[in-house]
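Below: coords.cif (mmCIF, C-alpha atoms)
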data_target
#
loop_
_atom_site.label_atom_id
_atom_site.label_comp_id
_atom_site.auth_asym_id
_atom_site.auth_seq_id
_atom_site.Cartn_x
_atom_site.Cartn_y
_atom_site.Cartn_z
CA MET L 24 0.00 0.00 0.00
CA PRO L 25 2.72 2.61 0.83
CA PHE L 26 4.35 1.77 -2.50
CA ARG L 27 1.08 2.36 -4.35
CA ARG L 28 0.67 5.72 -2.61
CA SER L 29 4.24 6.76 -3.39
CA PHE L 30 4.36 5.57 -7.01
CA PRO L 31 2.51 8.55 -8.60
CA VAL L 32 4.59 11.13 -6.70
CA ALA L 33 7.82 9.30 -7.60
CA THR L 34 6.78 9.13 -11.27
CA ILE L 35 5.96 12.85 -11.38
CA ALA L 36 9.24 13.67 -9.61
CA ILE L 37 11.29 11.69 -12.15
CA ALA L 38 9.40 13.28 -15.05
CA GLN L 39 10.07 16.69 -13.49
CA LEU L 40 13.76 15.81 -13.25
CA PHE L 41 13.84 14.96 -16.95
CA GLY L 42 11.71 17.90 -18.07
CA THR L 43 13.53 20.58 -16.11
CA SER L 44 16.92 19.45 -17.42
CA LEU L 45 16.02 21.83 -20.28
CA TRP L 46 16.22 24.84 -17.95
CA PHE L 47 19.96 25.30 -17.52
CA SER L 48 21.16 23.14 -20.40
CA ALA L 49 22.80 26.18 -22.04
CA ASN L 50 24.53 27.23 -18.80
CA SER L 51 26.24 23.84 -18.55
CA VAL L 52 28.11 24.59 -21.79
CA ALA L 53 28.70 28.28 -21.03
CA PRO L 54 32.51 28.19 -21.59
CA ASN L 55 31.99 26.49 -24.97
CA LEU L 56 29.37 29.04 -26.04
CA MET L 57 31.52 31.94 -24.89
CA HIS L 58 34.37 30.62 -27.05
CA ALA L 59 32.28 29.58 -30.07
CA TRP L 60 30.09 32.68 -30.24
CA GLY L 61 32.56 35.25 -28.85
CA ILE L 62 30.29 36.29 -25.98
CA GLY L 63 31.01 37.18 -22.35
CA VAL L 64 29.35 36.44 -19.01
CA SER L 65 26.61 38.96 -19.78
CA GLY L 66 25.76 36.94 -22.91
CA ILE L 67 25.24 33.84 -20.78
CA GLY L 68 23.08 35.98 -18.50
CA LEU L 69 21.01 37.00 -21.54
CA LEU L 70 20.47 33.36 -22.52
CA THR L 71 19.41 32.54 -18.95
CA ASN L 72 17.06 35.50 -18.79
CA SER L 73 15.54 34.52 -22.14
CA VAL L 74 14.39 31.29 -20.52
CA GLN L 75 13.08 33.19 -17.49
CA LEU L 76 11.20 35.67 -19.70
CA GLY L 77 9.60 32.84 -21.68
CA PHE L 78 8.62 31.13 -18.46
CA ILE L 79 7.00 34.33 -17.18
CA LEU L 80 4.97 34.78 -20.37
CA GLY L 81 3.94 31.12 -20.31
CA THR L 82 2.85 31.09 -16.68
CA LEU L 83 0.94 34.36 -17.10
CA THR L 84 -0.88 32.87 -20.08
CA PHE L 85 -1.72 29.66 -18.21
CA SER L 86 -2.93 31.48 -15.09
CA LEU L 87 -4.81 34.52 -16.43
CA SER L 88 -6.52 32.54 -19.20
CA GLY L 89 -7.49 29.73 -16.83
CA LEU L 90 -5.86 27.11 -19.07
CA ALA L 91 -3.94 25.68 -16.10
CA ASP L 92 -7.23 24.55 -14.53
CA ARG L 93 -9.34 23.81 -17.63
CA PHE L 94 -7.32 21.04 -19.27
CA PRO L 95 -5.88 17.82 -17.82
CA ALA L 96 -2.58 18.62 -16.14
CA SER L 97 -0.95 15.48 -17.57
CA ALA L 98 -1.79 16.54 -21.12
CA ILE L 99 -0.40 20.07 -20.59
CA PHE L 100 2.79 18.65 -19.06
CA ALA L 101 3.37 16.13 -21.86
CA VAL L 102 2.73 18.58 -24.72
CA CYS L 103 4.99 21.23 -23.17
CA ALA L 104 7.78 18.70 -22.52
CA VAL L 105 7.71 17.56 -26.16
CA LEU L 106 7.71 21.12 -27.50
CA GLY L 107 10.44 22.13 -25.05
CA ALA L 108 12.60 19.23 -26.23
CA MET L 109 12.14 20.38 -29.84
CA PHE L 110 13.07 24.02 -29.15
CA ASN L 111 16.04 22.91 -27.05
CA ALA L 112 17.22 20.75 -29.95
CA GLY L 113 16.78 23.76 -32.21
CA PHE L 114 19.10 25.75 -29.95
CA ALA L 115 21.76 23.06 -30.37
CA LEU L 116 21.36 22.42 -34.10
CA VAL L 117 20.11 25.67 -35.65
CA SER L 118 21.23 28.69 -33.63
CA GLN L 119 24.44 30.36 -34.79
CA GLY L 120 24.82 33.16 -32.28
CA LEU L 121 23.37 35.02 -29.33
CA LEU L 122 20.27 36.39 -31.09
CA THR L 123 18.92 33.13 -32.51
CA GLY L 124 20.07 31.30 -29.38
CA ALA L 125 18.07 33.67 -27.18
CA VAL L 126 14.94 33.08 -29.28
CA PHE L 127 15.18 29.30 -28.87
CA ARG L 128 15.85 29.66 -25.14
CA PHE L 129 12.82 31.96 -24.84
CA MET L 130 10.62 29.27 -26.43
CA VAL L 131 12.06 26.66 -24.06
CA GLY L 132 11.03 28.95 -21.18
CA ILE L 133 7.45 29.14 -22.44
CA CYS L 134 7.31 25.35 -22.51
CA LEU L 135 8.73 25.06 -19.00
CA ALA L 136 5.66 26.96 -17.78
CA GLY L 137 3.69 23.81 -18.56
CA ILE L 138 6.18 21.55 -16.77
CA TYR L 139 7.10 23.10 -13.41
CA PRO L 140 3.86 24.62 -11.97
CA ILE L 141 1.70 22.01 -13.71
CA GLY L 142 3.91 19.31 -12.20
CA MET L 143 3.14 20.82 -8.77
CA LYS L 144 -0.57 20.67 -9.53
CA LEU L 145 -0.20 17.02 -10.53
CA VAL L 146 1.40 16.26 -7.17
CA VAL L 147 -1.45 17.99 -5.33
CA SER L 148 -3.95 15.95 -7.37
CA TRP L 149 -2.31 12.69 -6.24
CA ALA L 150 -1.23 13.52 -2.66
CA PRO L 151 -3.29 16.40 -1.19
CA ALA L 152 -2.83 15.21 2.40
CA ARG L 153 0.98 15.37 2.31
CA THR L 154 1.58 18.30 -0.01
CA GLY L 155 4.67 19.68 1.76
CA SER L 156 6.63 16.44 1.73
CA ALA L 157 5.41 15.40 -1.74
CA LEU L 158 6.34 18.76 -3.28
CA ALA L 159 9.71 18.49 -1.57
CA TYR L 160 10.50 15.47 -3.73
CA LEU L 161 9.21 17.28 -6.81
CA VAL L 162 11.29 20.43 -6.25
CA GLY L 163 14.22 18.20 -5.32
CA MET L 164 13.95 16.65 -8.75
CA LEU L 165 13.69 20.10 -10.35
CA THR L 166 16.92 20.99 -8.55
CA LEU L 167 18.57 17.80 -9.73
CA GLY L 168 17.26 18.53 -13.23
CA THR L 169 18.82 21.99 -13.04
CA ALA L 170 22.15 20.41 -12.07
CA LEU L 171 21.87 17.52 -14.53
CA PRO L 172 23.37 19.31 -17.56
CA GLN L 173 26.44 20.10 -15.44
CA GLY L 174 26.64 16.39 -14.59
CA VAL L 175 26.23 15.41 -18.23
CA ARG L 176 29.00 17.85 -19.08
CA PHE L 177 31.23 16.37 -16.39
CA PHE L 178 30.71 12.73 -17.36
CA GLY L 179 30.79 13.51 -21.05
CA ALA L 180 33.80 15.79 -20.81
CA HIS L 181 34.87 15.09 -24.39
CA TRP L 182 31.41 15.57 -25.93
CA ASN L 183 30.79 18.67 -28.00
CA TRP L 184 28.31 21.12 -26.52
CA GLN L 185 25.54 20.21 -28.94
CA ILE L 186 25.45 16.62 -27.65
CA VAL L 187 25.12 17.86 -24.07
CA ILE L 188 22.13 20.02 -25.08
CA LEU L 189 20.50 17.22 -27.08
CA THR L 190 20.79 14.87 -24.11
CA SER L 191 18.46 17.21 -22.20
CA SER L 192 15.96 17.06 -25.06
CA GLY L 193 15.97 13.26 -24.93
CA LEU L 194 15.33 13.33 -21.19
CA ALA L 195 12.41 15.75 -21.62
CA LEU L 196 10.78 13.39 -24.12
CA ALA L 197 11.12 10.54 -21.62
CA GLY L 198 9.45 12.75 -18.98
CA ALA L 199 6.51 13.43 -21.30
CA LEU L 200 6.00 9.70 -21.81
CA LEU L 201 6.03 9.01 -18.06
CA ILE L 202 3.32 11.60 -17.39
CA LEU L 203 1.16 10.43 -20.29
CA VAL L 204 1.20 6.89 -18.89
CA LEU L 205 0.46 8.07 -15.33
CA GLY L 206 -2.36 10.52 -16.07
CA ASP L 207 -4.07 12.87 -13.59
CA GLY L 208 -4.77 12.22 -9.92
CA PRO L 209 -8.30 11.89 -8.51
CA HIS L 210 -8.29 14.80 -6.06
CA LEU L 211 -8.47 17.91 -8.22
CA ALA L 212 -11.35 18.39 -10.62
CA LEU L 213 -11.11 20.57 -13.71
CA ARG L 214 -12.47 24.05 -13.36
CA PRO L 215 -15.83 24.18 -15.21
CA ARG L 216 -15.98 26.45 -18.22
CA GLY L 217 -17.59 29.75 -17.34
CA SER L 218 -16.93 29.42 -13.61
CA GLN L 219 -15.03 32.40 -12.29
CA MET L 220 -14.14 33.72 -8.88
CA ARG L 221 -15.07 37.37 -8.54
CA GLY L 222 -11.97 39.27 -9.64
CA GLY L 223 -10.37 36.17 -11.18
CA VAL L 224 -7.22 34.49 -9.90
CA LEU L 225 -5.79 37.77 -8.60
CA ALA L 226 -8.65 37.95 -6.10
CA ALA L 227 -7.30 34.86 -4.39
CA PHE L 228 -4.43 37.00 -3.11
CA ARG L 229 -6.83 38.94 -0.91
CA SER L 230 -6.08 36.17 1.56
CA ARG L 231 -3.57 37.47 4.11
CA ASN L 232 -1.94 34.05 4.38
CA LEU L 233 -1.52 33.70 0.63
CA ARG L 234 0.01 37.18 0.38
CA ALA L 235 2.51 36.42 3.16
CA VAL L 236 3.54 33.15 1.52
CA ALA L 237 3.89 34.89 -1.85
CA LEU L 238 6.14 37.61 -0.37
CA GLY L 239 8.37 34.99 1.24
CA TYR L 240 8.51 33.11 -2.06
CA PHE L 241 9.41 36.26 -4.00
CA GLY L 242 12.35 36.99 -1.68
CA HIS L 243 13.50 33.38 -2.08
CA MET L 244 13.31 33.71 -5.88
CA TRP L 245 15.49 36.84 -5.94
CA GLU L 246 18.26 34.66 -4.53
CA LEU L 247 17.70 31.14 -5.93
CA TYR L 248 18.10 31.28 -9.71
CA THR L 249 20.81 33.90 -9.58
CA PHE L 250 22.76 31.65 -7.21
CA TRP L 251 22.34 28.73 -9.63
CA THR L 252 23.45 30.94 -12.53
CA LEU L 253 26.52 32.14 -10.63
CA VAL L 254 27.64 28.75 -9.25
CA PRO L 255 29.72 27.61 -12.27
CA LEU L 256 31.16 31.12 -12.64
CA ILE L 257 32.04 31.35 -8.93
CA VAL L 258 33.61 27.88 -9.01
CA ALA L 259 35.66 28.79 -12.08
CA THR L 260 36.91 32.13 -10.74
CA ALA L 261 37.12 31.73 -6.95
CA VAL L 262 37.69 27.99 -6.43
CA ASN L 263 39.24 26.47 -9.54
CA ALA L 264 41.90 29.19 -9.70
CA ARG L 265 43.22 28.01 -6.31
CA LEU L 266 42.29 24.32 -6.62
CA PRO L 267 42.84 23.60 -10.34
CA GLN L 268 42.49 19.86 -9.79
CA LEU L 269 38.77 20.28 -9.16
CA SER L 270 36.45 19.99 -12.18
CA VAL L 271 34.30 23.10 -12.63
CA PRO L 272 31.23 21.28 -14.05
CA GLY L 273 31.64 18.43 -11.56
CA LEU L 274 31.76 20.72 -8.53
CA ALA L 275 28.98 22.95 -9.91
CA PHE L 276 26.83 19.83 -10.34
CA VAL L 277 27.36 18.80 -6.71
CA ILE L 278 26.69 22.31 -5.31
CA ILE L 279 23.41 22.64 -7.21
CA ALA L 280 22.34 19.00 -6.84
CA VAL L 281 22.81 18.99 -3.05
CA GLY L 282 19.69 21.17 -3.02
CA SER L 283 17.75 17.98 -3.76
CA LEU L 284 18.89 16.61 -0.41
CA GLY L 285 17.92 19.90 1.23
CA CYS L 286 14.42 19.61 -0.24
CA VAL L 287 13.98 16.01 0.92
CA VAL L 288 15.21 16.77 4.45
CA GLY L 289 12.91 19.79 4.55
CA GLY L 290 10.00 17.64 3.37
CA VAL L 291 10.59 15.10 6.14
CA MET L 292 10.82 17.90 8.70
CA SER L 293 7.61 19.48 7.39
CA ARG L 294 5.64 16.34 8.24
CA LYS L 295 6.78 16.67 11.85
CA ILE L 296 6.84 20.42 12.50
CA GLY L 297 5.01 21.98 9.55
CA SER L 298 5.97 23.91 6.43
CA VAL L 299 6.22 27.35 8.06
CA PRO L 300 9.24 26.69 10.31
CA VAL L 301 11.00 24.70 7.58
CA ALA L 302 10.65 27.56 5.09
CA THR L 303 11.75 30.10 7.71
CA LEU L 304 14.82 28.06 8.72
CA ALA L 305 15.94 27.40 5.14
CA LEU L 306 15.57 31.06 4.14
CA THR L 307 17.52 32.13 7.22
CA ILE L 308 20.39 29.69 6.55
CA SER L 309 20.69 30.65 2.88
CA GLY L 310 20.69 34.33 3.83
CA ALA L 311 23.45 33.70 6.38
CA CYS L 312 25.55 31.85 3.76
CA CYS L 313 25.04 34.73 1.36
CA LEU L 314 26.21 37.22 3.99
CA VAL L 315 29.33 35.20 4.86
CA ALA L 316 30.24 34.72 1.19
CA ALA L 317 29.83 38.41 0.43
CA ALA L 318 31.62 39.75 3.51
CA ALA L 319 34.41 37.25 4.12
CA TRP L 320 35.17 35.34 0.94
CA ARG L 321 38.76 36.66 0.75
CA GLN L 322 39.48 35.30 4.23
CA LEU L 323 38.09 31.83 3.46
CA SER L 324 40.30 29.00 2.27
CA PRO L 325 39.12 27.39 -0.99
CA GLN L 326 38.10 24.27 0.97
CA THR L 327 36.02 26.34 3.39
CA LEU L 328 34.47 28.21 0.48
CA VAL L 329 33.44 24.89 -1.11
CA VAL L 330 31.80 23.80 2.17
CA LEU L 331 29.98 27.15 2.39
CA LEU L 332 28.71 26.77 -1.18
CA LEU L 333 27.49 23.24 -0.41
CA VAL L 334 25.53 24.41 2.66
CA TRP L 335 24.16 27.32 0.66
CA GLY L 336 23.20 25.01 -2.19
CA ALA L 337 21.29 22.76 0.20
CA ALA L 338 19.43 25.59 1.95
CA VAL L 339 18.74 27.93 -0.97
CA VAL L 340 16.02 25.73 -2.48
CA ALA L 341 14.77 23.79 0.57
CA ASP L 342 12.12 26.44 1.28
CA SER L 343 10.68 26.39 -2.25
CA PRO L 344 8.42 23.31 -1.91
CA GLN L 345 7.17 24.53 1.45
CA PHE L 346 6.17 27.92 0.01
CA SER L 347 4.37 26.11 -2.84
CA ALA L 348 2.63 23.75 -0.41
CA LEU L 349 1.43 26.67 1.72
CA SER L 350 0.18 28.47 -1.40
CA ALA L 351 -1.71 25.38 -2.57
CA GLN L 352 -3.33 25.07 0.88
CA ALA L 353 -4.32 28.74 0.95
CA ALA L 354 -5.66 28.87 -2.63
CA PRO L 355 -9.27 28.09 -3.61
CA PRO L 356 -9.40 24.40 -4.68
CA ASP L 357 -10.45 25.16 -8.27
CA LEU L 358 -7.71 27.78 -8.68
CA VAL L 359 -4.68 25.88 -7.39
CA GLY L 360 -3.08 25.60 -10.83
CA SER L 361 -3.67 29.26 -11.66
CA VAL L 362 -2.43 30.50 -8.27
CA LEU L 363 0.76 28.44 -8.50
CA ALA L 364 1.30 29.58 -12.09
CA ILE L 365 0.86 33.30 -11.46
CA GLN L 366 2.96 33.17 -8.28
CA SER L 367 5.69 31.44 -10.28
CA SER L 368 5.33 34.06 -13.02
CA VAL L 369 5.94 36.97 -10.66
CA GLY L 370 8.74 35.09 -8.92
CA PHE L 371 10.56 34.45 -12.17
CA ALA L 372 10.08 38.05 -13.27
CA ILE L 373 12.05 38.97 -10.16
CA THR L 374 14.84 36.59 -11.18
CA ILE L 375 15.38 38.46 -14.44
CA ALA L 376 16.43 41.63 -12.61
CA SER L 377 18.55 39.68 -10.14
CA ILE L 378 20.36 37.61 -12.79
CA ALA L 379 20.96 40.61 -15.06
CA LEU L 380 22.34 42.70 -12.19
CA ALA L 381 24.58 39.97 -10.78
CA THR L 382 26.05 38.76 -14.08
CA SER L 383 26.79 42.32 -15.18
CA LEU L 384 28.65 43.04 -11.93
CA LEU L 385 30.50 39.71 -11.50
CA GLY L 386 33.55 40.78 -13.53
CA ARG L 387 34.08 43.90 -11.40
CA LEU L 388 33.06 42.63 -7.97
CA GLY L 389 34.07 38.96 -8.00
CA LEU L 390 32.43 37.03 -5.17
CA ARG L 391 31.35 40.32 -3.58
CA VAL L 392 28.55 40.20 -6.15
CA THR L 393 26.72 37.96 -3.67
CA TRP L 394 25.76 41.17 -1.84
CA VAL L 395 23.24 41.53 -4.68
CA LEU L 396 21.50 38.32 -3.55
CA LEU L 397 21.21 39.23 0.15
CA PRO L 398 18.07 41.46 -0.06
CA GLY L 399 16.12 38.39 -1.23
CA PRO L 400 16.21 36.30 1.95
CA VAL L 401 16.06 39.41 4.18
CA LEU L 402 12.95 40.86 2.54
CA GLY L 403 11.47 37.37 2.14
CA LEU L 404 11.68 36.77 5.89
CA ILE L 405 10.08 40.15 6.56
CA GLY L 406 7.23 39.46 4.12
CA PHE L 407 6.71 35.97 5.53
CA TYR L 408 6.59 37.28 9.11
CA PRO L 409 2.75 37.09 9.50
CA MET L 410 2.89 33.34 8.83
CA TRP L 411 5.60 32.45 11.33
CA ARG L 412 4.18 34.85 13.91
CA MET L 413 0.85 33.03 13.58
CA TYR L 414 2.59 29.65 13.73
CA TYR L 415 4.35 30.41 16.99
CA ARG L 416 1.20 31.75 18.61
CA PRO L 417 0.05 29.21 21.23
CA SER L 418 -3.50 29.22 19.84
CA SER L 419 -2.43 28.72 16.20
CA ASN L 420 -3.53 25.65 14.34
CA ARG L 421 -0.24 24.02 13.32
CA LYS L 422 -1.91 21.23 11.43
CA ASN L 423 -2.49 23.45 8.41
CA THR L 424 0.87 25.22 8.44
#
Could you express the structure from this file as structure tokens?
Amino acid sequence: MPFRRSFPVATIAIAQLFGTSLWFSANSVAPNLMHAWGIGVSGIGLLTNSVQLGFILGTLTFSLSGLADRFPASAIFAVCAVLGAMFNAGFALVSQGLLTGAVFRFMVGICLAGIYPIGMKLVVSWAPARTGSALAYLVGMLTLGTALPQGVRFFGAHWNWQIVILTSSGLALAGALLILVLGDGPHLALRPRGSQMRGGVLAAFRSRNLRAVALGYFGHMWELYTFWTLVPLIVATAVNARLPQLSVPGLAFVIIAVGSLGCVVGGVMSRKIGSVPVATLALTISGACCLVAAAAWRQLSPQTLVVLLLVWGAAVVADSPQFSALSAQAAPPDLVGSVLAIQSSVGFAITIASIALATSLLGRLGLRVTWVLLPGPVLGLIGFYPMWRMYYRPSSNRKNT
């Protein structure tokens, strides 16, 4: 029986791993692209932000149009994974420079809007009673999917960059097949045509709890994707220069992938103490790592810096599934998909500014550029304050937090 309950969540998590390998596939071959196309770090930032911009447009379309809750989530996921694989392959085989590359990455981002938030809705439809822990596995797989291209690059060190990109496309197709076979869960019905909450999906954010969760999530997003973007660059400039025996893609893979472990540990903790304290603790730890890296990186040995990056990598994403679980609990049942999509859309819009600012300043500031990330966890904790104040009130109902 436990196996039967866990099988759908495990299947969705693996499909998410495969589908989200498209996200940072271009970043894993950044040195090759910089050499082949004659671009700098800001060019890699542009390619990353093209994906983020496409994701924002896609999630806005899914949420404001109601598509996220009007069609089977499994069908949306599968179609978007197939299209994303095709556009990703186009980036590898057709693009000849930054302009055409950015267009293909933008289209990949649109497709990812039907993979990540819709994958979260699929998990809720299969495991509504254990959303925090189930989404922890899902986001853990997204994290591993983000790191996967770095791992492919490490293990296929002699492959050309096109093969690394095409490997991500093959994985996305496998993810689409898994979701098609699994189908939708029994616990979330489609939103009937013509049904509409007064004010639409934006009206759901009149809820004080939902607003507090969203503000915490937005602060987390200012930090998360910029950290992932910077990891290979930080490793190459601040670690590899002093420890040349370490592989840049190999170490970058481990630093990003350890976030999967952080998500799983956070998910286990959430079943015992609730999602609110887990999200608060993870955001606090990642903010502390950011502060130490920004203020004292010159005084740290390369070994200590690697340990710091590993702790940061584990904490920086561990709060994400808990924020999503709290949002799903606070949202109207027939608007879960739309709420998660629009919250993701705003969150990823924030990442565009953060990534652009950090990548443009990295060359001048070095690891001090991590000061740019620090406002995220600080403001996120402030915005999330109503939730953890309520949680620690003796009369609060911890069962739902």
Q.
For a quick check of understanding, using all atoms listed in the file, which of L:Thr374, L:Ser148, L:Ser383, L:Gln39 has the smallest distance to Leu247 of chain L?
A.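 Nearest to Leu247 of chain L: L:Thr374.
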Surrounding residues of segment 395-411 of chain L excluding itself and chain neighbours under 2 positions, 9 Å, all atoms listed in the file, as a PyMOL selection string: chain L and resi 231-232+234-247+249-250+299-300+303+306-307+309-311+313-314+317+377+380-381+391-393+413-416+424
Worksheet item: So which residues are close to (5.6, 11.0, -19.9), meaning at most 9 Å away in the file's coordinates with all atoms listed in the file counted, and can you show them as a VMD selection string?
Response: chain L and resid 34 to 35 38 97 100 to 101 104 195 to 206
Could the residues in this selection be written to a file with C-alpha atoms, as an mmCIF file, keeping the file's coordinate frame?
data_model
loop_
_atom_site.group_PDB
_atom_site.id
_atom_site.type_symbol
_atom_site.label_atom_id
_atom_site.label_comp_id
_atom_site.auth_asym_id
_atom_site.auth_seq_id
_atom_site.Cartn_x
_atom_site.Cartn_y
_atom_site.Cartn_z
ATOM 1 C CA THR L 34 6.780 9.130 -11.270
ATOM 2 C CA ILE L 35 5.960 12.850 -11.380
ATOM 3 C CA ALA L 38 9.400 13.280 -15.050
ATOM 4 C CA SER L 97 -0.950 15.480 -17.570
ATOM 5 C CA PHE L 100 2.790 18.650 -19.060
ATOM 6 C CA ALA L 101 3.370 16.130 -21.860
ATOM 7 C CA ALA L 104 7.780 18.700 -22.520
ATOM 8 C CA ALA L 195 12.410 15.750 -21.620
ATOM 9 C CA LEU L 196 10.780 13.390 -24.120
ATOM 10 C CA ALA L 197 11.120 10.540 -21.620
ATOM 11 C CA GLY L 198 9.450 12.750 -18.980
ATOM 12 C CA ALA L 199 6.510 13.430 -21.300
ATOM 13 C CA LEU L 200 6.000 9.700 -21.810
ATOM 14 C CA LEU L 201 6.030 9.010 -18.060
ATOM 15 C CA ILE L 202 3.320 11.600 -17.390
ATOM 16 C CA LEU L 203 1.160 10.430 -20.290
ATOM 17 C CA VAL L 204 1.200 6.890 -18.890
ATOM 18 C CA LEU L 205 0.460 8.070 -15.330
ATOM 19 C CA GLY L 206 -2.360 10.520 -16.070
#
- List the neighbours of Ser44 of chain L out to 12 Å using all atoms listed in the file; skip same-chain residues closer than 5 positions along the sequence, and give me the result as a ChimeraX atom specification. /L:37-39,49-51,104,107-108,111,131-132,135,138-139,164-175,187-198,280
With C-alpha atoms retained, export the selected residues as a short mmCIF file (atom, residue, chain, number, x, y, z; two decimals), keeping the file's coordinate frame.
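The file below, selection.cif, is the result:
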data_model
loop_
_atom_site.label_atom_id
_atom_site.label_comp_id
_atom_site.auth_asym_id
_atom_site.auth_seq_id
_atom_site.Cartn_x
_atom_site.Cartn_y
_atom_site.Cartn_z
CA ILE L 37 11.29 11.69 -12.15
CA ALA L 38 9.40 13.28 -15.05
CA GLN L 39 10.07 16.69 -13.49
CA ALA L 49 22.80 26.18 -22.04
CA ASN L 50 24.53 27.23 -18.80
CA SER L 51 26.24 23.84 -18.55
CA ALA L 104 7.78 18.70 -22.52
CA GLY L 107 10.44 22.13 -25.05
CA ALA L 108 12.60 19.23 -26.23
CA ASN L 111 16.04 22.91 -27.05
CA VAL L 131 12.06 26.66 -24.06
CA GLY L 132 11.03 28.95 -21.18
CA LEU L 135 8.73 25.06 -19.00
CA ILE L 138 6.18 21.55 -16.77
CA TYR L 139 7.10 23.10 -13.41
CA MET L 164 13.95 16.65 -8.75
CA LEU L 165 13.69 20.10 -10.35
CA THR L 166 16.92 20.99 -8.55
CA LEU L 167 18.57 17.80 -9.73
CA GLY L 168 17.26 18.53 -13.23
CA THR L 169 18.82 21.99 -13.04
CA ALA L 170 22.15 20.41 -12.07
CA LEU L 171 21.87 17.52 -14.53
CA PRO L 172 23.37 19.31 -17.56
CA GLN L 173 26.44 20.10 -15.44
CA GLY L 174 26.64 16.39 -14.59
CA VAL L 175 26.23 15.41 -18.23
CA VAL L 187 25.12 17.86 -24.07
CA ILE L 188 22.13 20.02 -25.08
CA LEU L 189 20.50 17.22 -27.08
CA THR L 190 20.79 14.87 -24.11
CA SER L 191 18.46 17.21 -22.20
CA SER L 192 15.96 17.06 -25.06
CA GLY L 193 15.97 13.26 -24.93
CA LEU L 194 15.33 13.33 -21.19
CA ALA L 195 12.41 15.75 -21.62
CA LEU L 196 10.78 13.39 -24.12
CA ALA L 197 11.12 10.54 -21.62
CA GLY L 198 9.45 12.75 -18.98
CA ALA L 280 22.34 19.00 -6.84
#
For Gly208 of chain L, the closest of L:Met143, L:Leu45, L:Leu388, L:Val362 counting all atoms listed in the file is L:Met143
Selected residue, from L:Ala59, L:Ala319, L:Ala372, L:Ala302, that lies nearest to Cys286 of chain L when counting all atoms listed in the file: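 Of all the options, L:Ala302 lies closest to Cys286 of chain L.
Of the listed residues L:Leu323, L:Leu269, L:Ala159, L:Leu225, the one whose atoms come nearest to Ala354 of chain L is L:Leu225, with distances taken using all atoms listed in the file.
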Mind telling me what the PyMOL selection byres ((chain L and resi 140) around 9) catches here, as a PDB file with C-alpha atoms, in the coordinates of the input?
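Just written: selection.pdb:
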ATOM      1  CA  THR L  82       2.850  31.090 -16.680  1.00  0.00           C
ATOM      2  CA  ALA L  91      -3.940  25.680 -16.100  1.00  0.00           C
ATOM      3  CA  LEU L 135       8.730  25.060 -19.000  1.00  0.00           C
ATOM      4  CA  ALA L 136       5.660  26.960 -17.780  1.00  0.00           C
ATOM      5  CA  GLY L 137       3.690  23.810 -18.560  1.00  0.00           C
ATOM      6  CA  ILE L 138       6.180  21.550 -16.770  1.00  0.00           C
ATOM      7  CA  TYR L 139       7.100  23.100 -13.410  1.00  0.00           C
ATOM      8  CA  ILE L 141       1.700  22.010 -13.710  1.00  0.00           C
ATOM      9  CA  GLY L 142       3.910  19.310 -12.200  1.00  0.00           C
ATOM     10  CA  MET L 143       3.140  20.820  -8.770  1.00  0.00           C
ATOM     11  CA  LYS L 144      -0.570  20.670  -9.530  1.00  0.00           C
ATOM     12  CA  LEU L 145      -0.200  17.020 -10.530  1.00  0.00           C
ATOM     13  CA  GLY L 360      -3.080  25.600 -10.830  1.00  0.00           C
ATOM     14  CA  SER L 361      -3.670  29.260 -11.660  1.00  0.00           C
ATOM     15  CA  LEU L 363       0.760  28.440  -8.500  1.00  0.00           C
ATOM     16  CA  ALA L 364       1.300  29.580 -12.090  1.00  0.00           C
ATOM     17  CA  SER L 367       5.690  31.440 -10.280  1.00  0.00           C
TER      18      SER L 367
END
A straight line from atom CA of Gly68 of chain L to atom CA of Ile378 of chain L spans 6.5 Å
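Take the PyMOL selection byres ((chain L and resi 330) around 12) and apply it to this file: it picks Val262, Leu274, Val277, Ile278, Val281, Cys312, Val315, Ala316, Leu323, Ser324, Pro325, Gln326, Thr327, Leu328, Val329, Leu331, Leu332, Leu333, Val334, Trp335, Gly336 and Ala337 of chain L.
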